[in-house]
Each structure stands twice: as structure tokens, then as C-alpha cells.
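Just coords.txt here, compact mmCIF, C-alpha atoms:
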```txt
# COMPACT_ATOMS: atom_id res chain seq x y z
CA MET A 297 9.98 -18.69 178.69
CA VAL A 298 7.43 -16.17 179.90
CA ILE A 299 5.28 -19.00 181.26
CA GLN A 300 8.25 -20.45 183.17
CA LYS A 301 9.02 -17.05 184.72
CA ARG A 302 5.38 -16.68 185.67
CA ASN A 303 5.33 -20.11 187.29
CA LEU A 304 8.56 -19.33 189.16
CA PHE A 305 7.07 -16.04 190.38
CA ASP A 306 3.88 -17.79 191.53
CA PHE A 307 5.91 -20.45 193.32
CA PHE A 308 7.98 -17.80 195.08
CA ASN A 309 4.85 -15.92 196.15
CA LEU A 310 3.28 -19.12 197.44
CA PHE A 311 6.45 -20.00 199.36
CA VAL A 312 6.59 -16.55 200.98
CA MET A 313 2.88 -16.66 201.92
CA VAL A 314 3.20 -20.13 203.44
CA LEU A 315 6.27 -19.01 205.37
CA LEU A 316 4.45 -15.94 206.71
CA VAL A 317 1.45 -18.06 207.73
CA PHE A 318 3.76 -20.47 209.53
CA ILE A 319 5.61 -17.66 211.32
CA THR A 320 2.28 -16.15 212.37
CA LEU A 321 0.46 -19.29 213.49
CA TYR A 322 3.26 -21.40 214.94
CA PRO A 323 3.61 -19.36 218.17
CA LEU A 324 -0.14 -19.84 218.84
CA TYR A 325 0.14 -23.52 217.99
CA TYR A 326 3.20 -23.90 220.21
CA VAL A 327 1.44 -22.28 223.14
CA GLY A 328 -1.44 -24.72 222.69
CA ILE A 329 0.66 -27.90 222.52
CA VAL A 330 2.84 -26.89 225.46
CA SER A 331 -0.23 -26.25 227.59
CA ILE A 332 -1.41 -29.86 227.12
CA SER A 333 1.97 -31.60 227.18
CA SER A 334 3.72 -33.33 230.04
CA GLY A 335 5.53 -30.91 232.33
CA VAL A 336 8.61 -33.14 232.27
CA SER A 337 8.71 -33.14 228.45
CA VAL A 338 8.35 -29.36 228.39
CA ALA A 339 11.14 -28.94 230.95
CA ARG A 340 13.42 -31.17 228.85
CA GLY A 341 12.67 -29.13 225.71
CA GLU A 342 11.15 -32.08 223.85
CA VAL A 343 8.02 -30.27 222.64
CA PHE A 344 8.33 -28.66 219.22
CA PHE A 345 5.65 -29.73 216.74
CA LEU A 346 3.62 -32.36 218.58
CA PRO A 347 2.45 -32.56 222.21
CA HIS A 348 4.15 -35.12 224.46
CA GLY A 349 2.24 -36.93 227.19
CA ILE A 350 -1.07 -35.16 226.67
CA ASN A 351 -2.78 -34.13 229.89
CA TRP A 352 -5.15 -31.38 230.99
CA GLU A 353 -3.78 -30.77 234.49
CA ALA A 354 -2.68 -27.21 233.69
CA TYR A 355 -6.20 -26.28 232.61
CA LYS A 356 -7.68 -27.91 235.70
CA ILE A 357 -5.40 -25.76 237.85
CA VAL A 358 -6.10 -22.57 235.91
CA LEU A 359 -9.87 -23.01 235.60
CA GLY A 360 -10.18 -24.36 239.13
CA ASP A 361 -8.60 -21.32 240.78
CA PRO A 362 -11.23 -18.95 242.26
CA ALA A 363 -8.90 -15.94 241.91
CA ILE A 364 -8.49 -16.55 238.18
CA LEU A 365 -12.20 -17.08 237.65
CA HIS A 366 -12.95 -13.87 239.58
CA ALA A 367 -10.39 -11.97 237.48
CA TYR A 368 -11.97 -13.46 234.37
CA GLY A 369 -15.33 -12.07 235.47
CA ASN A 370 -13.76 -8.66 236.09
CA THR A 371 -12.25 -8.66 232.60
CA LEU A 372 -15.60 -9.59 231.03
CA LEU A 373 -17.24 -6.73 232.94
CA TYR A 374 -14.54 -4.21 232.03
CA THR A 375 -14.62 -5.26 228.39
CA ALA A 376 -18.40 -5.19 228.02
CA LEU A 377 -18.99 -1.98 229.94
CA GLY A 378 -15.89 -0.25 228.60
CA THR A 379 -16.67 -1.10 224.98
CA ALA A 380 -20.24 0.17 225.39
CA ILE A 381 -18.96 3.46 226.85
CA ASN A 382 -16.37 3.76 224.07
CA LEU A 383 -18.87 3.20 221.27
CA ILE A 384 -21.47 5.58 222.69
CA LEU A 385 -19.02 8.42 223.29
CA THR A 386 -17.23 7.87 219.98
CA VAL A 387 -20.52 8.06 218.08
CA LEU A 388 -21.65 11.13 220.02
CA CYS A 389 -18.38 12.89 219.18
CA ALA A 390 -17.96 11.70 215.60
CA TYR A 391 -21.47 12.40 214.36
CA PRO A 392 -21.59 16.15 215.16
CA LEU A 393 -18.07 16.61 213.75
CA SER A 394 -19.19 14.95 210.51
CA ARG A 395 -21.96 17.54 209.94
CA ASN A 396 -21.01 20.48 207.74
CA ASN A 397 -23.51 22.76 209.46
CA LEU A 398 -21.87 22.41 212.88
CA TYR A 399 -20.83 25.87 214.08
CA GLY A 400 -17.11 25.99 214.86
CA LYS A 401 -16.51 22.52 213.40
CA GLY A 402 -12.92 23.26 212.39
CA LEU A 403 -11.96 24.66 215.80
CA LEU A 404 -13.61 21.79 217.67
CA THR A 405 -11.86 19.28 215.43
CA LEU A 406 -8.54 21.02 216.12
CA PHE A 407 -9.09 20.74 219.88
CA VAL A 408 -9.88 17.05 219.57
CA VAL A 409 -6.96 16.23 217.26
CA PHE A 410 -4.62 18.23 219.53
CA THR A 411 -4.93 15.46 222.13
CA LEU A 412 -3.43 12.98 219.66
CA PHE A 413 -0.07 14.73 219.79
CA PHE A 414 0.09 16.18 223.30
CA ASP A 415 -0.54 14.39 226.56
CA GLY A 416 -0.19 15.52 230.14
CA GLY A 417 1.65 12.37 231.14
CA LEU A 418 1.16 9.65 233.71
CA ILE A 419 1.55 11.72 236.90
CA PRO A 420 -0.94 14.49 235.97
CA ARG A 421 -3.37 11.81 234.79
CA TYR A 422 -3.05 9.95 238.07
CA ILE A 423 -3.61 13.15 240.03
CA VAL A 424 -6.79 13.86 238.06
CA VAL A 425 -8.07 10.32 238.60
CA HIS A 426 -7.19 10.54 242.30
CA TYR A 427 -9.01 13.84 242.89
CA LEU A 428 -12.04 12.55 241.02
CA GLY A 429 -12.21 9.75 243.60
CA MET A 430 -11.85 6.97 241.04
CA VAL A 431 -8.64 5.35 242.32
CA ASN A 432 -9.22 1.72 243.31
CA THR A 433 -12.54 1.59 241.46
CA MET A 434 -13.39 0.10 238.08
CA TRP A 435 -14.11 3.61 236.76
CA ALA A 436 -10.39 4.38 236.91
CA VAL A 437 -9.93 1.67 234.28
CA LEU A 438 -12.89 2.72 232.10
CA ILE A 439 -13.27 6.52 232.20
CA PRO A 440 -9.72 7.71 231.30
CA THR A 441 -9.88 5.55 228.16
CA ALA A 442 -13.51 6.36 227.36
CA ILE A 443 -12.73 7.58 223.85
CA ASN A 444 -9.91 7.04 221.39
CA VAL A 445 -9.42 10.08 219.15
CA PHE A 446 -7.96 8.11 216.25
CA PHE A 447 -10.93 5.73 216.22
CA MET A 448 -13.27 8.71 216.49
CA ILE A 449 -11.67 10.26 213.38
CA LEU A 450 -12.17 7.00 211.48
CA MET A 451 -15.83 6.93 212.47
CA ARG A 452 -16.29 10.62 211.57
CA THR A 453 -14.79 9.91 208.14
CA PHE A 454 -17.26 7.08 207.62
CA PHE A 455 -20.19 9.30 208.63
CA GLU A 456 -19.00 11.97 206.18
CA GLU A 457 -19.21 9.47 203.32
CA ILE A 458 -22.94 8.88 203.92
CA PRO A 459 -24.84 11.04 201.36
CA ASP A 460 -26.20 14.30 202.74
CA ALA A 461 -29.38 13.63 200.76
CA LEU A 462 -30.42 11.05 203.35
CA HIS A 463 -30.05 13.56 206.15
CA GLU A 464 -31.88 16.28 204.20
CA SER A 465 -34.72 13.94 203.26
CA ALA A 466 -35.19 12.85 206.87
CA THR A 467 -35.12 16.49 208.02
CA VAL A 468 -37.85 17.39 205.52
CA ASP A 469 -39.95 14.52 206.88
CA GLY A 470 -39.63 16.04 210.36
CA ALA A 471 -36.98 13.78 211.88
CA GLY A 472 -34.69 15.27 214.51
CA GLU A 473 -30.96 14.69 214.84
CA TRP A 474 -31.34 11.91 217.40
CA ARG A 475 -33.80 10.02 215.21
CA ILE A 476 -31.61 10.48 212.14
CA LEU A 477 -28.60 9.18 214.02
CA VAL A 478 -30.33 6.16 215.54
CA GLN A 479 -32.59 5.09 212.68
CA ILE A 480 -30.59 6.12 209.60
CA ILE A 481 -26.90 6.74 210.27
CA LEU A 482 -26.13 3.88 212.66
CA PRO A 483 -27.85 1.13 210.61
CA LEU A 484 -25.76 2.24 207.62
CA SER A 485 -22.61 2.25 209.72
CA MET A 486 -22.40 -1.42 210.73
CA PRO A 487 -18.95 -1.93 209.13
CA VAL A 488 -17.33 0.88 211.10
CA MET A 489 -19.30 0.02 214.25
CA ALA A 490 -18.13 -3.61 214.06
CA THR A 491 -14.57 -2.46 213.49
CA MET A 492 -14.68 -0.09 216.45
CA PHE A 493 -16.28 -2.81 218.56
CA LEU A 494 -13.40 -5.15 217.74
CA PHE A 495 -10.71 -2.50 218.33
CA TYR A 496 -12.15 -1.32 221.64
CA SER A 497 -13.00 -4.78 222.99
CA VAL A 498 -9.53 -6.16 222.18
CA THR A 499 -7.97 -3.10 223.80
CA HIS A 500 -9.98 -3.58 226.99
CA TRP A 501 -9.41 -7.33 227.06
CA ASN A 502 -5.64 -6.96 226.76
CA SER A 503 -5.32 -3.88 228.96
CA PHE A 504 -3.39 -4.21 232.19
CA PHE A 505 -1.51 -0.92 232.66
CA PRO A 506 -4.45 1.20 233.93
CA ALA A 507 -5.33 -1.55 236.40
CA LEU A 508 -1.69 -1.79 237.44
CA ILE A 509 -1.57 1.95 238.12
CA TYR A 510 -4.98 2.68 239.63
CA LEU A 511 -6.11 -0.54 241.34
CA ASN A 512 -4.83 -1.74 244.71
CA GLU A 513 -7.38 -4.41 245.66
CA LYS A 514 -6.84 -7.83 244.14
CA SER A 515 -10.61 -8.34 243.97
CA LEU A 516 -10.70 -5.68 241.23
CA TYR A 517 -7.82 -7.07 239.17
CA PRO A 518 -8.58 -8.05 235.58
CA LEU A 519 -7.28 -11.25 234.08
CA GLN A 520 -4.32 -9.56 232.40
CA ILE A 521 -2.82 -8.50 235.74
CA LEU A 522 -2.73 -12.12 236.90
CA LEU A 523 -1.43 -13.16 233.50
CA ARG A 524 1.36 -10.60 233.81
CA ASN A 525 2.24 -11.83 237.30
CA ILE A 526 2.41 -15.44 236.11
CA VAL A 527 4.05 -15.07 232.71
CA ILE A 528 6.48 -12.21 233.41
CA ASP A 529 7.19 -12.51 237.12
CA GLY A 530 6.62 -16.27 237.40
CA ASP A 531 4.37 -15.61 240.39
CA LEU A 532 2.16 -18.65 240.96
CA THR A 533 1.82 -18.23 244.71
CA SER A 534 -1.09 -15.81 244.42
CA GLN A 535 -3.03 -18.43 242.46
CA GLY A 536 -3.17 -20.87 245.34
CA THR A 537 -0.74 -23.32 243.72
CA GLU A 538 2.15 -23.21 246.15
CA GLY A 539 3.53 -26.26 247.89
CA SER A 540 2.94 -28.75 245.07
CA SER A 541 5.89 -30.53 243.48
CA SER A 542 3.78 -31.43 240.42
CA VAL A 543 2.93 -27.78 239.96
CA ALA A 544 6.61 -26.91 240.17
CA VAL A 545 7.21 -29.17 237.19
CA MET A 546 4.18 -27.78 235.33
CA VAL A 547 5.02 -24.09 235.65
CA GLN A 548 5.42 -23.67 231.89
CA ASN A 549 2.22 -25.62 231.22
CA ILE A 550 0.29 -23.38 233.59
CA LYS A 551 1.69 -20.24 232.01
CA TYR A 552 0.73 -21.32 228.51
CA ALA A 553 -2.65 -22.65 229.60
CA PHE A 554 -3.31 -19.26 231.15
CA VAL A 555 -2.34 -17.59 227.87
CA VAL A 556 -4.74 -19.85 225.94
CA VAL A 557 -7.58 -19.12 228.35
CA ALA A 558 -6.87 -15.39 228.08
CA ILE A 559 -6.82 -15.16 224.28
CA LEU A 560 -9.54 -17.71 223.49
CA PRO A 561 -12.52 -15.27 223.67
CA ILE A 562 -10.89 -12.87 221.19
CA LEU A 563 -10.06 -15.73 218.82
CA ALA A 564 -13.67 -16.91 219.07
CA VAL A 565 -15.21 -13.49 218.38
CA TYR A 566 -12.91 -12.34 215.58
CA PRO A 567 -14.22 -14.63 212.78
CA PHE A 568 -17.73 -13.22 213.19
CA VAL A 569 -16.65 -9.59 212.76
CA GLN A 570 -13.73 -10.16 210.37
CA LYS A 571 -15.70 -9.21 207.25
CA TYR A 572 -16.70 -5.89 208.83
CA PHE A 573 -13.17 -5.37 210.09
CA VAL A 574 -11.75 -5.57 206.54
CA GLN A 575 -14.25 -2.96 205.32
CA GLY A 576 -13.82 -0.64 208.28
CA ALA A 577 -10.03 -0.83 208.30
CA MET A 578 -9.97 0.74 204.80
CA ILE A 579 -11.89 3.84 205.89
CA GLY A 580 -8.85 5.99 206.62
CA SER A 581 -7.29 5.16 203.24
CA VAL A 582 -10.29 6.53 201.36
CA LYS A 583 -10.67 9.91 202.99
CA GLY A 584 -8.74 11.64 205.79
```

Just dump the structure as C-alpha cells.
Amino acid sequence: MVIQKRNLFDFFNLFVMVLLVFITLYPLYYVGIVSISSGVSVARGEVFFLPHGINWEAYKIVLGDPAILHAYGNTLLYTALGTAINLILTVLCAYPLSRNNLYGKGLLTLFVVFTLFFDGGLIPRYIVVHYLGMVNTMWAVLIPTAINVFFMILMRTFFEEIPDALHESATVDGAGEWRILVQIILPLSMPVMATMFLFYSVTHWNSFFPALIYLNEKSLYPLQILLRNIVIDGDLTSQGTEGSSSVAVMVQNIKYAFVVVAILPILAVYPFVQKYFVQGAMIGSVKG
């Protein structure tokens, strides 16, 4: 009887897990099959589990558009440069706050954490960015989001878990703080660094609101702005696709192909940092 209950429980767990996997993966799968299906089949609602009339016209249109390719390059630049700025500033803030001998550590931590709960708002932020001369430049997208306080706290917590004996031993050997940070602390912090890299890079890749607020020139637009215009507003005219009856039929295909192109880099990078992500994501649950 106990064995039967156990088997029933295992079957129920397996059913729930399979259902959750299906609910999670099916939207991605659906986006993929719609992007390669016939526009007529998509318009008729015939595509559910298998593609109909496989063709790659939507991808040819998306990848052949100079505006999209230029926006793709902007997004790569914003993501690479922004993530580098984020990691450097997060490390430079987290490491001093993790040291017990920092004078005024509690007060400085209070000032930093204060920004988690109170924000000036969009208009004051825009005024600051405007008077700093960053409006309509890439720095308006990168500098206001240069550090995330929550991520900094996670990194500080990780640094605090590194034994003080390592720091003391290096100090006795004559190493300065910069050398200790670069040659000892950071090599031991690969899990949290990989986690922060993933968090920051995904944030930059998916970000569109700062660009929407601060950028006026289309040459500076990231990919997500064009994706927003196409998916939400249905605006295909800016992509050089107007005047084509075939494109009119393939609107849904183009939208979904654009989505696939936009998310593919993140899907490609994630498996390589997933093991570090699991370790780093548990940091806050160990010590606050």
C-alpha cells in the first residue's frame, strides 16, 4: 500500500513537472514554428504544433534590413560596454563594503541601500541626464544604470564569505588592496561574477525604456526599440518593408522571426554560465 502511494506520488510529480516544462517551452517553440511557416497558414490559424509550408522569407527580410542590422550592432555595443561598466563599478563598490576595517561601513551601506527604496522619479532623472549633456548619446543608456544596488549587495555578501585569513596572509606578504582584489578575491569569485555578468547582460540586451526616453536619433536605437515598434505597434514601415503584398501576409512571421533573432544570443550564452548562475543565485539565501 505504501509502495502504491509512493508510485502515485511520483507519477503526480512527474506529471506536474512535464506540464510545467511544456508551459515554459511551448511559447518559445511556437514562436519558432510560426517564424518559419507560411504566412497564409499563420493567418488562417493553422499553426499549432508543427510548421506549415516551411520557408525562410521572414528571416531574409529581418536579416536583410540594414536598419535592423545596425540596431543589432548598437545592442551588442550597449550590452558589452554596459556590462563591463556594471561589473567594474559593482566590484569597486562591493569589495570595500565587504571589509570590516572600512571606516564608516555601516553609514555608507545605509546610504547605498537607501536608493533601493527611494527614487527621484523619471522627470528628475531626465533633468539630470539632460544637464549632464548625455541626452541622445549612448551614455544616457549606460551611465544611469551603471550599478544595480541589489546585485551589489549580493556580490558584497559573496566577498564577505571569503575567509579573512586570505586577506591577512596577502597583507603580511606585502600585497596592497588592488593586488588582493585582482589576484585573490576575483579569481575566487567566478560564480558570483558569472551570475552578475548574466544578470547585467540580459538586462542590457532586453532594455528599451532608457533608449525610448533619452534617444531621439534612429541611428542610436537598440534592437529592442525596433522590436517594440514591430511587435507592439505593428510598425513595419520603418524597416523598409512597405509596399509588398507578400510582406502584408507575412506580418506575423516577421514579428516572430524578429523575436527569435532578438532572443537567440541570450539562449546561446546561458548554457555556458548556467552552472555559475545556480551557485550565485543562492548567495542571498545564505547570508544577508

- Task: Would you list the residues near (-10.9, -16.7, 242.1), meaning any protein, DNA or RNA residue with an atom at most 12 Å from that point in file coordinates, counting all atoms listed in the file, as a list in words?
- Result: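 Within the cut-off we find Ile357, Val358, Leu359, Gly360, Asp361, Pro362, Ala363, Ile364, Leu365, His366, Ala367, Tyr368, Gly369, Asn370, Lys514, Ser515, Leu516, Tyr517, Pro518, Leu519, Leu522, Ser534, Gln535 and Gly536 of chain A.
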
Requested write-out: C-alpha atoms of the selected residues, as a compact mmCIF listing (two decimals), in the coordinates of the input:
```txt
# COMPACT_ATOMS: atom_id res chain seq x y z
CA ILE A 357 -5.40 -25.76 237.85
CA VAL A 358 -6.10 -22.57 235.91
CA LEU A 359 -9.87 -23.01 235.60
CA GLY A 360 -10.18 -24.36 239.13
CA ASP A 361 -8.60 -21.32 240.78
CA PRO A 362 -11.23 -18.95 242.26
CA ALA A 363 -8.90 -15.94 241.91
CA ILE A 364 -8.49 -16.55 238.18
CA LEU A 365 -12.20 -17.08 237.65
CA HIS A 366 -12.95 -13.87 239.58
CA ALA A 367 -10.39 -11.97 237.48
CA TYR A 368 -11.97 -13.46 234.37
CA GLY A 369 -15.33 -12.07 235.47
CA ASN A 370 -13.76 -8.66 236.09
CA LYS A 514 -6.84 -7.83 244.14
CA SER A 515 -10.61 -8.34 243.97
CA LEU A 516 -10.70 -5.68 241.23
CA TYR A 517 -7.82 -7.07 239.17
CA PRO A 518 -8.58 -8.05 235.58
CA LEU A 519 -7.28 -11.25 234.08
CA LEU A 522 -2.73 -12.12 236.90
CA SER A 534 -1.09 -15.81 244.42
CA GLN A 535 -3.03 -18.43 242.46
CA GLY A 536 -3.17 -20.87 245.34
```

- Have a look at A:Ala471, A:Leu523, A:Pro459, A:Phe305 and name the one nearest to Val556 of chain A; count all atoms listed in the file.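 With all atoms listed in the file as the atom set, the closest residue is A:Leu523.
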
- Which one is closest to Lys551 of chain A: A:Leu563, A:Val330, A:Cys389, A:Ile526? Count all atoms listed in the file. A:Ile526

- Item | Point (10.4, -22.9, 231.9) neighbourhood (8 Å, all atoms listed in the file) written as a PyMOL selection string | chain A and resi 338-339+547-548

- Taking into account only C-alpha atoms, which residue in the set A:Val408, A:Leu377, A:Ala461, A:Ala436 is nearest to Ala390 of chain A? A:Val408

- Message: From the options A:Met489, A:Leu482, A:Ile332, A:Leu511, which residue's atoms come nearest to Val425 of chain A, counting only C-alpha atoms?
- Response: A:Leu511

- Quote the spacing between atom CA of Val557 of chain A and atom CA of Pro440 of chain A in Å to one decimal place.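 It comes out at 27.1 Å.
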
- Query: Rounded to one decimal in Å, what is the spacing between atom CA of Met430 of chain A and atom CA of Asn512 of chain A?
  - Reply: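 If I compute the distance from atom CA of Met430 of chain A to atom CA of Asn512 of chain A, I get 11.8 Å.
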
- Residue nearest Ile550 of chain A among A:Val327, A:Met313, A:Leu450, A:Val468 (counting all atoms listed in the file): A:Val327

- Please, what distance in Å, to one decimal, runs between atom CA of Thr467 of chain A and atom CA of Thr453 of chain A? 21.4 Å

Centre and size of axis-aligned box enclosing segment 446-462 of chain A plus 5 Å each side, as lines of an AutoDock Vina configuration file:
```
center_x = -19.2
center_y = 10.0
center_z = 208.6
size_x = 32.5
size_y = 18.6
size_z = 25.7
```

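If you measure from each of A:Leu373, A:Leu406, A:Leu484, A:Leu418 to Ser497 of chain A using all atoms listed in the file, the closest one turns out to be A:Leu373.
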
- Test item: residues at most 10 Å from Ile350 of chain A, all atoms listed in the file, excluding those fewer than 4 positions along its chain, as an MDAnalysis selection string: chainID A and resid 329:335 346
